[in-house]
>>> print(open('upload-v3.csv').read())   # CSV, C-alpha atoms and all ligand atoms
chain,number,residue,atom,x,y,z
D,1,MET,CA,-7.8,32.1,-15.7
D,2,ASN,CA,-4.8,32.3,-13.4
D,3,LYS,CA,-5.8,32.7,-9.8
D,4,PRO,CA,-4.0,35.4,-7.8
D,5,PRO,CA,-1.2,34.4,-5.4
D,6,ILE,CA,-2.1,32.7,-2.1
D,7,ILE,CA,-1.8,34.8,1.1
D,8,TRP,CA,0.1,32.3,3.2
D,9,THR,CA,-0.2,34.2,6.5
D,10,ASN,CA,-4.0,34.0,6.3
D,11,VAL,CA,-4.0,30.4,5.1
D,12,ILE,CA,-1.8,29.3,7.9
D,13,LEU,CA,-3.6,31.3,10.5
D,14,PHE,CA,-7.1,30.1,9.5
D,15,ALA,CA,-6.0,26.5,9.0
D,16,SER,CA,-4.0,26.1,12.1
D,17,THR,CA,-6.5,27.7,14.5
D,18,PHE,CA,-9.3,25.6,12.8
D,19,LEU,CA,-7.3,22.4,13.2
D,20,VAL,CA,-6.6,23.1,16.9
D,21,ALA,CA,-10.2,23.9,17.5
D,22,ALA,CA,-11.4,20.8,15.7
D,23,ILE,CA,-8.9,18.3,17.1
D,24,LEU,CA,-7.0,19.5,20.2
D,25,VAL,CA,-10.0,21.3,21.9
D,26,PRO,CA,-12.3,18.1,21.8
D,27,TRP,CA,-9.3,16.0,22.9
D,28,TYR,CA,-8.6,18.2,25.8
D,29,ALA,CA,-12.3,18.3,26.7
D,30,ILE,CA,-12.3,14.5,27.0
D,31,ALA,CA,-8.9,13.9,28.5
D,32,VAL,CA,-8.8,16.8,31.0
D,33,GLY,CA,-12.1,18.6,30.8
D,34,PHE,CA,-12.9,22.3,30.7
D,35,THR,CA,-13.9,24.1,33.9
D,36,TRP,CA,-17.0,26.3,34.2
D,37,THR,CA,-14.7,29.3,34.5
D,38,GLU,CA,-13.1,28.4,31.2
D,39,ILE,CA,-16.5,27.9,29.5
D,40,ILE,CA,-18.0,31.1,30.8
D,41,ALA,CA,-14.8,33.1,30.0
D,42,THR,CA,-15.0,31.7,26.4
D,43,ILE,CA,-18.6,32.8,26.0
D,44,VAL,CA,-18.0,36.2,27.4
D,45,CYS,CA,-14.9,36.8,25.2
D,46,LEU,CA,-16.8,35.4,22.2
D,47,GLY,CA,-19.6,37.9,22.8
D,48,TYR,CA,-17.1,40.7,23.3
D,49,CYS,CA,-15.4,40.0,20.0
D,50,GLY,CA,-18.6,39.4,18.1
D,51,MET,CA,-20.4,42.6,19.3
D,52,SER,CA,-17.2,44.7,18.8
D,53,ILE,CA,-17.6,43.7,15.1
D,54,THR,CA,-21.4,44.0,14.8
D,55,ALA,CA,-22.0,47.1,17.0
D,56,GLY,CA,-18.6,48.7,16.5
D,57,TYR,CA,-17.1,47.8,13.1
D,58,HIS,CA,-20.4,47.3,11.3
D,59,ARG,CA,-23.2,49.5,12.6
D,60,LEU,CA,-21.1,52.3,14.1
D,61,TRP,CA,-18.1,52.7,11.8
D,62,ALA,CA,-19.1,51.1,8.4
D,63,HIS,CA,-22.6,52.5,8.4
D,64,LYS,CA,-22.7,55.4,10.9
D,65,THR,CA,-26.1,54.4,12.2
D,66,TYR,CA,-25.4,56.1,15.6
D,67,ASP,CA,-22.8,58.1,17.5
D,68,ALA,CA,-20.8,56.6,20.3
D,69,HIS,CA,-18.9,58.0,23.3
D,70,PRO,CA,-15.1,57.6,22.9
D,71,ALA,CA,-15.1,55.2,25.9
D,72,LEU,CA,-17.3,52.8,23.9
D,73,GLN,CA,-15.2,53.3,20.8
D,74,TRP,CA,-12.1,52.3,22.6
D,75,PHE,CA,-13.9,49.2,23.9
D,76,TYR,CA,-14.9,48.3,20.3
D,77,ALA,CA,-11.4,49.0,19.0
D,78,ILE,CA,-9.8,46.6,21.4
D,79,GLY,CA,-12.5,44.0,20.9
D,80,GLY,CA,-12.2,44.2,17.1
D,81,ALA,CA,-8.4,43.6,17.3
D,82,PHE,CA,-9.2,40.6,19.6
D,83,ALA,CA,-11.6,39.3,17.0
D,84,LEU,CA,-8.8,39.4,14.4
D,85,GLN,CA,-10.7,40.7,11.5
D,86,ASN,CA,-8.3,43.4,10.3
D,87,SER,CA,-8.5,47.0,11.4
D,88,ALA,CA,-11.8,48.8,11.7
D,89,LEU,CA,-10.7,51.2,8.9
D,90,HIS,CA,-10.0,48.3,6.5
D,91,TRP,CA,-13.0,46.3,7.5
D,92,SER,CA,-15.4,49.3,7.1
D,93,SER,CA,-13.9,50.3,3.7
D,94,ASP,CA,-14.4,46.8,2.4
D,95,HIS,CA,-17.9,46.6,3.8
D,96,ARG,CA,-18.9,49.9,2.1
D,97,VAL,CA,-17.7,48.5,-1.2
D,98,HIS,CA,-19.7,45.3,-0.5
D,99,HIS,CA,-22.9,47.4,0.0
D,100,LYS,CA,-22.3,49.6,-3.0
D,101,PHE,CA,-21.5,46.8,-5.5
D,102,VAL,CA,-23.3,43.9,-3.8
D,103,ASP,CA,-23.3,40.7,-5.9
D,104,GLN,CA,-21.1,42.3,-8.6
D,105,ASN,CA,-18.4,39.7,-8.9
D,106,ASP,CA,-15.7,42.0,-10.1
D,107,LYS,CA,-16.3,44.7,-7.4
D,108,ASP,CA,-18.0,43.2,-4.4
D,109,PRO,CA,-15.0,41.9,-2.3
D,110,TYR,CA,-17.0,39.0,-1.0
D,111,SER,CA,-19.7,38.5,-3.6
D,112,ALA,CA,-21.9,35.6,-2.7
D,113,GLN,CA,-22.4,35.0,-6.4
D,114,ARG,CA,-19.0,33.4,-6.4
D,115,GLY,CA,-20.2,30.7,-4.1
D,116,PHE,CA,-20.3,29.8,-0.4
D,117,TRP,CA,-16.6,29.1,0.0
D,118,PHE,CA,-15.5,32.4,-1.7
D,119,SER,CA,-17.8,34.7,0.2
D,120,HIS,CA,-17.2,32.8,3.5
D,121,ILE,CA,-13.4,32.7,3.6
D,122,GLY,CA,-11.9,32.2,0.1
D,123,TRP,CA,-11.8,35.9,-0.6
D,124,MET,CA,-9.2,36.3,2.2
D,125,LEU,CA,-7.0,33.5,1.1
D,126,ARG,CA,-5.7,34.9,-2.2
D,127,GLU,CA,-4.7,38.4,-3.3
D,128,TYR,CA,-8.0,39.2,-5.0
D,129,GLN,CA,-7.8,42.8,-3.9
D,130,SER,CA,-4.2,43.5,-4.4
D,131,ASN,CA,-4.9,46.7,-6.4
D,132,THR,CA,-7.4,48.2,-4.0
D,133,TYR,CA,-6.1,46.8,-0.7
D,134,ALA,CA,-4.9,50.1,0.9
D,135,ASP,CA,-7.4,52.4,-0.9
D,136,TYR,CA,-9.5,53.9,1.9
D,137,SER,CA,-10.9,56.8,-0.1
D,138,ASN,CA,-14.5,55.7,0.7
D,139,ALA,CA,-13.7,56.0,4.4
D,140,ARG,CA,-12.4,59.6,4.8
D,141,ASP,CA,-14.7,60.1,7.8
D,142,LEU,CA,-13.0,57.2,9.6
D,143,GLN,CA,-9.5,58.6,8.6
D,144,ASN,CA,-10.5,61.6,10.8
D,145,ASN,CA,-11.4,59.4,13.7
D,146,LYS,CA,-8.5,59.3,16.1
D,147,ILE,CA,-9.5,56.0,17.8
D,148,VAL,CA,-10.0,54.2,14.5
D,149,MET,CA,-6.6,55.5,13.2
D,150,TRP,CA,-4.9,54.6,16.4
D,151,GLN,CA,-6.2,51.0,16.1
D,152,HIS,CA,-5.3,50.9,12.4
D,153,LYS,CA,-1.7,51.9,13.2
D,154,ASN,CA,-1.2,49.6,16.1
D,155,TYR,CA,-3.3,46.8,14.8
D,156,LEU,CA,-0.7,44.1,14.8
D,157,VAL,CA,0.5,44.8,18.4
D,158,LEU,CA,-3.1,45.0,19.6
D,159,THR,CA,-4.1,41.6,18.0
D,160,VAL,CA,-1.1,39.9,19.5
D,161,ALA,CA,-1.6,41.6,22.9
D,162,THR,CA,-5.3,40.6,23.1
D,163,ASN,CA,-5.1,37.2,21.6
D,164,PHE,CA,-2.2,36.0,23.7
D,165,GLY,CA,-2.5,38.5,26.6
D,166,ILE,CA,-6.1,37.8,27.6
D,167,PRO,CA,-6.0,34.0,27.6
D,168,LEU,CA,-2.6,34.0,29.4
D,169,PHE,CA,-3.8,36.5,32.0
D,170,LEU,CA,-7.0,34.4,32.6
D,171,GLY,CA,-4.7,31.3,32.7
D,172,TRP,CA,-2.6,33.0,35.3
D,173,LEU,CA,-5.6,34.0,37.4
D,174,THR,CA,-7.0,30.4,37.3
D,175,ASP,CA,-3.8,28.5,37.1
D,176,SER,CA,-4.8,26.8,33.9
D,177,TYR,CA,-2.7,28.2,31.0
D,178,ILE,CA,-3.4,25.4,28.5
D,179,GLY,CA,-7.2,25.2,29.2
D,180,MET,CA,-7.5,29.0,28.8
D,181,LEU,CA,-5.3,29.1,25.7
D,182,LEU,CA,-7.4,26.4,24.0
D,183,SER,CA,-10.8,27.7,25.0
D,184,VAL,CA,-10.5,31.5,25.2
D,185,GLY,CA,-7.5,31.6,22.9
D,186,VAL,CA,-8.3,29.3,20.0
D,187,LEU,CA,-11.9,28.0,20.2
D,188,ARG,CA,-13.2,31.5,20.8
D,189,LEU,CA,-11.2,32.9,17.8
D,190,VAL,CA,-12.4,30.2,15.4
D,191,LEU,CA,-16.1,30.4,16.5
D,192,SER,CA,-15.9,34.2,16.3
D,193,HIS,CA,-14.4,34.1,12.9
D,194,HIS,CA,-16.9,31.7,11.3
D,195,PHE,CA,-19.9,33.2,13.0
D,196,THR,CA,-19.1,36.6,11.5
D,197,PHE,CA,-18.1,35.0,8.1
D,198,PHE,CA,-21.6,33.5,7.9
D,199,ILE,CA,-23.0,37.0,7.4
D,200,ASN,CA,-21.1,37.3,4.1
D,201,SER,CA,-21.8,33.7,3.0
D,202,LEU,CA,-25.0,32.2,4.4
D,203,ALA,CA,-26.8,35.5,5.0
D,204,HIS,CA,-26.6,35.9,1.2
D,205,ILE,CA,-27.7,32.4,0.4
D,206,TRP,CA,-30.1,31.0,2.9
D,207,GLY,CA,-33.3,32.7,4.1
D,208,ASN,CA,-36.1,34.8,2.8
D,209,GLN,CA,-36.4,38.2,1.2
D,210,PRO,CA,-39.3,40.2,2.7
D,211,TYR,CA,-38.0,43.7,1.8
D,212,THR,CA,-36.2,43.4,-1.5
D,213,ASP,CA,-35.0,41.0,-4.2
D,214,GLN,CA,-32.6,43.5,-5.8
D,215,ASN,CA,-29.7,41.8,-4.1
D,216,SER,CA,-29.0,38.3,-2.6
D,217,ALA,CA,-29.2,39.3,1.1
D,218,ARG,CA,-31.6,37.2,3.2
D,219,ASP,CA,-33.4,37.4,6.5
D,220,ASN,CA,-32.7,34.3,8.6
D,221,GLY,CA,-33.7,34.0,12.3
D,222,ILE,CA,-31.4,31.0,12.9
D,223,LEU,CA,-28.3,32.9,11.6
D,224,ALA,CA,-29.4,35.9,13.8
D,225,PHE,CA,-28.6,33.7,16.8
D,226,LEU,CA,-25.1,33.1,15.7
D,227,THR,CA,-24.4,36.6,14.5
D,228,TYR,CA,-25.8,38.8,17.3
D,229,GLY,CA,-28.7,39.9,15.2
D,230,GLU,CA,-27.0,40.4,11.8
D,231,GLY,CA,-29.0,37.5,10.3
D,232,TYR,CA,-31.7,40.0,9.3
D,233,HIS,CA,-29.5,40.8,6.4
D,234,ASN,CA,-32.2,41.5,3.8
D,235,PHE,CA,-33.6,44.3,5.9
D,236,HIS,CA,-30.0,45.5,6.5
D,237,HIS,CA,-29.1,45.7,2.8
D,238,ILE,CA,-32.1,47.9,1.9
D,239,PHE,CA,-32.1,50.1,5.1
D,240,GLU,CA,-28.4,50.1,5.9
D,241,TYR,CA,-28.5,53.4,7.8
D,242,ASP,CA,-30.9,51.9,10.4
D,243,TYR,CA,-29.1,50.9,13.7
D,244,ARG,CA,-31.4,47.9,13.9
D,245,ASN,CA,-31.3,44.7,11.8
D,246,GLY,CA,-34.1,42.8,13.5
D,247,ILE,CA,-36.9,45.5,13.8
D,248,LYS,CA,-39.6,43.4,15.5
D,249,TRP,CA,-39.4,43.1,19.3
D,250,TRP,CA,-39.4,39.3,19.0
D,251,GLN,CA,-36.5,39.2,16.6
D,252,PHE,CA,-33.1,38.3,18.1
D,253,ASP,CA,-30.9,41.3,17.7
D,254,PRO,CA,-28.7,41.7,20.8
D,255,THR,CA,-26.5,44.3,18.9
D,256,LYS,CA,-29.6,46.5,18.7
D,257,TRP,CA,-30.3,45.9,22.4
D,258,LEU,CA,-26.7,46.8,23.3
D,259,ILE,CA,-26.8,50.1,21.3
D,260,LYS,CA,-30.2,51.0,22.7
D,261,SER,CA,-29.3,50.3,26.3
D,262,CYS,CA,-26.1,52.3,25.9
D,263,SER,CA,-28.2,55.3,24.9
D,264,TRP,CA,-29.8,55.2,28.3
D,265,LEU,CA,-26.4,55.5,29.9
D,266,GLY,CA,-25.4,58.3,27.6
D,267,LEU,CA,-22.8,56.2,25.7
D,268,THR,CA,-24.6,56.3,22.4
D,269,ARG,CA,-26.6,59.0,20.7
D,270,ASN,CA,-28.6,59.8,17.5
D,271,LEU,CA,-29.7,56.3,16.8
D,272,ARG,CA,-31.0,56.4,13.3
D,273,VAL,CA,-34.1,54.5,12.2
D,274,CYS,CA,-35.8,54.3,8.8
D,275,PRO,CA,-39.3,55.8,8.7
D,276,PRO,CA,-41.8,52.9,9.4
D,277,ASP,CA,-43.9,53.8,6.3
D,278,ARG,CA,-41.0,53.2,4.0
D,279,ILE,CA,-40.3,49.8,5.6
D,280,GLU,CA,-44.0,48.8,5.3
D,281,LYS,CA,-44.2,50.0,1.7
D,282,ALA,CA,-41.1,48.0,0.7
D,283,LYS,CA,-42.6,44.9,2.3
D,284,VAL,CA,-46.0,45.3,0.5
D,285,GLN,CA,-44.2,45.9,-2.8
D,286,MET,CA,-42.4,42.6,-2.4
D,287,GLN,CA,-45.7,40.8,-1.6
D,288,LEU,CA,-47.3,42.3,-4.7
D,289,LYS,CA,-44.3,41.2,-6.8
D,290,ARG,CA,-44.5,37.6,-5.5
D,291,ALA,CA,-48.3,37.4,-6.0
D,292,GLN,CA,-48.0,38.8,-9.5
D,293,ALA,CA,-45.4,36.1,-10.4
D,294,LYS,CA,-47.7,33.3,-9.2
D,295,VAL,CA,-50.8,34.8,-10.7
D,296,SER,CA,-49.3,35.0,-14.2
D,297,HIS,CA,-49.6,31.2,-14.6
D,298,LEU,CA,-53.4,31.2,-13.8
D,299,PRO,CA,-56.0,31.0,-16.7
D,300,ASP,CA,-57.8,34.2,-15.5
D,301,ALA,CA,-54.5,35.9,-14.9
D,302,GLU,CA,-55.5,39.3,-16.2
D,303,LEU,CA,-58.6,39.6,-14.0
D,304,VAL,CA,-56.8,38.5,-10.8
D,305,MET,CA,-53.9,40.8,-11.7
D,306,GLN,CA,-56.3,43.8,-12.0
D,307,ARG,CA,-57.8,43.0,-8.6
D,308,LEU,CA,-54.3,42.6,-7.1
D,309,GLU,CA,-53.3,46.0,-8.4
D,310,HIS,CA,-56.5,47.7,-7.3
D,311,GLU,CA,-56.2,46.3,-3.8
D,312,TYR,CA,-52.6,47.3,-3.7
D,313,GLU,CA,-53.4,50.9,-4.7
D,314,LEU,CA,-56.1,51.0,-2.0
D,315,LEU,CA,-53.7,49.6,0.6
D,316,MET,CA,-51.0,52.2,-0.3
D,317,GLU,CA,-53.6,55.0,-0.1
D,318,LYS,CA,-54.8,53.9,3.4
D,319,MET,CA,-51.3,53.4,4.6
D,320,HIS,CA,-50.3,56.8,3.5
D,321,ALA,CA,-53.3,58.4,5.3
D,322,TYR,CA,-52.5,56.4,8.4
D,323,TYR,CA,-48.9,57.4,8.6
D,324,GLU,CA,-49.7,61.1,7.9
D,325,VAL,CA,-52.1,61.3,10.9
D,326,LYS,CA,-49.5,59.4,13.0
D,327,LYS,CA,-46.9,61.9,12.0
D,328,VAL,CA,-49.1,64.9,13.1
D,329,LEU,CA,-50.0,63.1,16.3
D,330,LEU,CA,-46.3,62.5,17.1
D,331,GLN,CA,-45.5,66.2,16.4
D,332,GLN,CA,-48.2,67.3,18.7
D,333,LYS,CA,-47.0,65.0,21.4
D,334,LYS,CA,-43.6,66.5,21.0
D,335,GLN,CA,-45.0,70.0,21.3
D,336,GLN,CA,-46.9,69.1,24.4
D,337,LEU,CA,-43.8,67.7,25.9
D,338,MET,CA,-42.0,70.9,25.1
D,339,GLN,CA,-44.8,72.9,26.7
D,340,GLN,CA,-44.8,70.8,29.8
D,341,TYR,CA,-41.1,71.3,30.0
D,342,ASN,CA,-41.5,75.1,29.6
D,343,GLU,CA,-44.2,75.1,32.3
D,344,PHE,CA,-41.9,73.2,34.6
D,345,ASP,CA,-39.2,75.7,33.9
D,346,LEU,CA,-41.5,78.6,34.6
D,347,LYS,CA,-42.7,77.1,37.9
D,348,GLN,CA,-39.1,76.6,39.0
D,349,GLN,CA,-38.4,80.3,38.2
D,350,MET,CA,-41.5,81.4,40.0
D,351,LEU,CA,-40.4,79.5,43.2
D,352,GLU,CA,-37.0,81.2,43.0
D,353,VAL,CA,-38.2,84.7,42.5
D,354,ARG,CA,-40.8,84.3,45.2
D,355,ARG,CA,-38.1,83.1,47.6
D,356,ASN,CA,-35.9,86.1,46.7
D,357,LEU,CA,-38.8,88.5,47.2
D,358,GLN,CA,-39.7,87.0,50.6
D,359,LEU,CA,-36.1,87.3,51.7
D,360,GLN,CA,-35.8,90.9,50.6
D,361,GLN,CA,-39.2,91.7,52.3
D,362,LYS,CA,-37.9,90.3,55.5
D,363,ARG,CA,-34.7,92.4,55.3
D,364,TRP,CA,-36.7,95.5,54.5
D,365,GLN,CA,-39.0,95.0,57.4
D,366,GLN,CA,-36.1,94.4,59.7
D,367,LEU,CA,-34.4,97.5,58.5
D,368,THR,CA,-37.4,99.8,58.6
D,369,ALA,CA,-38.4,98.5,62.0
D,370,GLN,CA,-35.1,100.0,63.3
D,371,PHE,CA,-36.3,103.4,62.3
D,372,ALA,CA,-40.0,103.2,63.1
D,401,ZN,ZN,-23.6,46.3,6.3
D,402,ZN,ZN,-24.1,41.6,2.8
>>> encode(input="upload-v3.csv", output="structure tokens", more="lines below")
Ligand SMILES: [Zn+2]
Ligand SMILES: [Zn+2]
Amino acid sequence: MNKPPIIWTNVILFASTFLVAAILVPWYAIAVGFTWTEIIATIVCLGYCGMSITAGYHRLWAHKTYDAHPALQWFYAIGGAFALQNSALHWSSDHRVHHKFVDQNDKDPYSAQRGFWFSHIGWMLREYQSNTYADYSNARDLQNNKIVMWQHKNYLVLTVATNFGIPLFLGWLTDSYIGMLLSVGVLRLVLSHHFTFFINSLAHIWGNQPYTDQNSARDNGILAFLTYGEGYHNFHHIFEYDYRNGIKWWQFDPTKWLIKSCSWLGLTRNLRVCPPDRIEKAKVQMQLKRAQAKVSHLPDAELVMQRLEHEYELLMEKMHAYYEVKKVLLQQKKQQLMQQYNEFDLKQQMLEVRRNLQLQQKRWQQLTAQFA
């Protein structure tokens, strides 16, 4: 089969930045040395790029897991261009196709079934998507978003302005142009690229599948460290409308922490989460499936299988009862809160009308006293 033509701009960009990061950056580190300012600036910019992709491109625009204040959207739009991963519109449209047709080699743009290299970077090096490249029909909502469209139209200018402008500005501030260009410019870009690419490659190959085995997505705590929490990809592929990827408090998901903290500042709203009973049920179903597969090899398979199924039914029943009561309790708490709020409101009103009455009584007394 003939392979589609090579996209030379991408090949040259990925190869040259990688070579500079792999050869020139270590050489400079040994020969001249990076200052702490350069190292910290690199980490901050790396985080800015990474989180603009994970919290902005991915969880906000591709999946609409929450609403964000325009100020935050501008912040993401600039950071996304700095990360050099195409416009938010293009990225999100691709990503929606990835979720819809995951693992289908002819439709999933970065199907992990075509191997590590293809899903990591290979899919961007040739014109595999030439027919559908500018088809954004699955992202009409984003086409109505002024910030997304502004970024899409000015993408090239923005990438050049951020990728050269930010390192040069920092270089001017610290009087170290070469150091900043190498660290904040190139090293940051290469790390940011490959850390994000791991979500398409490694997060579909390496890790476990606690929630579903209907697709190749995996949960992987180590990858979560490099991907700002996106390593919990198995959870994400089944509950994609949840703003969290790592749902346990101990799971490393700084993207979730960012979105949640922004909600306290009024910058994010309507954070969507999947009902906990659905998550628990998916997990138990997978456990049953795994146990059944193992049991089928045992000599008394039928008996053990029956017991498994019986216990599973019981667990489901009890789980259902538990979550029903929990739901009622939550509703009651909400009502109580509303009542307290109303009470507070009434008390405030009472204070006001009493003050008004007292004032008027005083005026009345003063007035009638004149004619007494
Ligand atoms: Zn996704
Ligand atoms: Zn995926």
>>> residues_near_ligand(input="upload-v3.csv", ligand="ligand ZN 402 (chain D)", cutoff="9 Å", atoms="all atoms listed in the file", output="list of chain:residue names")
D:His95, D:His98, D:His99, D:Val102, D:Asp103, D:Tyr110, D:Ser111, D:Ala112, D:Ile199, D:Asn200, D:Ser201, D:Ala203, D:His204, D:Asn215, D:Ser216, D:Ala217, D:Arg218, D:His233, D:Asn234, D:His236, D:His237
>>> atom_distance(input="upload-v3.csv", atom1="atom CA of D:Gly56", atom2="atom CA of D:Leu158")
16.2 Å
>>> atom_distance(input="upload-v3.csv", atom1="atom CA of D:Ala224", atom2="atom CA of D:Gln251")
8.3 Å
>>> residues_around(input="upload-v3.csv", residues="stretch 75-85 of chain D", least_positions_apart="5", cutoff="9 Å", atoms="only C-alpha atoms", output="ChimeraX atom specification")
/D:45-46,48-53,55-57,70,91,147-148,150-151,155-156,158-163,188-189,192-193
>>> closest_residue(input="upload-v3.csv", among="D:Tyr66, D:Tyr312, D:Trp61, D:Trp172", to="D:Gln285", atoms="all atoms listed in the file")
D:Tyr312
>>> atom_distance(input="upload-v3.csv", atom1="atom CA of D:Glu313", atom2="atom CA of D:Pro210")
19.2 Å
>>> closest_residue(input="upload-v3.csv", among="D:Arg244, D:Ile205, D:His69, D:Thr174", to="D:Leu265", atoms="only C-alpha atoms")
D:His69
>>> residues_around(input="upload-v3.csv", residues="D:Val184", least_positions_apart="3", cutoff="7 Å", atoms="all atoms listed in the file", output="PDB file with C-alpha atoms, in the coordinates of the input")
ATOM      1  CA  ALA D  41     -14.800  33.100  30.000  1.00  0.00           C
ATOM      2  CA  THR D  42     -15.000  31.700  26.400  1.00  0.00           C
ATOM      3  CA  CYS D  45     -14.900  36.800  25.200  1.00  0.00           C
ATOM      4  CA  PRO D 167      -6.000  34.000  27.600  1.00  0.00           C
ATOM      5  CA  MET D 180      -7.500  29.000  28.800  1.00  0.00           C
ATOM      6  CA  LEU D 181      -5.300  29.100  25.700  1.00  0.00           C
ATOM      7  CA  LEU D 187     -11.900  28.000  20.200  1.00  0.00           C
ATOM      8  CA  ARG D 188     -13.200  31.500  20.800  1.00  0.00           C
TER       9      ARG D 188
END
>>> residues_around(input="upload-v3.csv", residues="stretch 12-14 of chain D", least_positions_apart="2", cutoff="12 Å", atoms="only C-alpha atoms", output="list in words")
Ile6, Ile7, Trp8, Thr9, Asn10, Ser16, Thr17, Phe18, Leu19, Val20, Ala21, Ala22, Leu84, Gln85, Ile121, Gly122, Met124, Leu125, Val186, Leu187, Leu189, Val190, Leu191, Ser192, His193 and His194 of chain D
>>> residues_around(input="upload-v3.csv", residues="D:Tyr241", least_positions_apart="4", cutoff="10 Å", atoms="only C-alpha atoms", output="ChimeraX atom specification")
/D:59-60,62-66,236-237,245,271-274
>>> closest_residue(input="upload-v3.csv", among="D:Leu24, D:Ala15, D:Tyr323, D:Ala71", to="D:Cys262", atoms="only C-alpha atoms")
D:Ala71
>>> closest_residue(input="upload-v3.csv", among="D:Gly47, D:Glu240, D:Gln73, D:Leu182", to="ligand ZN 401 (chain D)", atoms="all atoms listed in the file")
D:Glu240
>>> closest_residue(input="upload-v3.csv", among="D:Asn86, D:Thr132, D:Ser92, D:Thr37", to="ligand ZN 401 (chain D)", atoms="only C-alpha atoms and all ligand atoms")
D:Ser92
>>> closest_residue(input="upload-v3.csv", among="D:Leu72, D:Leu170, D:Val157, D:Ile238", to="ligand ZN 401 (chain D)", atoms="all atoms listed in the file")
D:Ile238
>>> residues_around(input="upload-v3.csv", residues="D:Gln287", least_positions_apart="5", cutoff="9 Å", atoms="only C-alpha atoms", output="ChimeraX atom specification")
/D:210-211,282,292
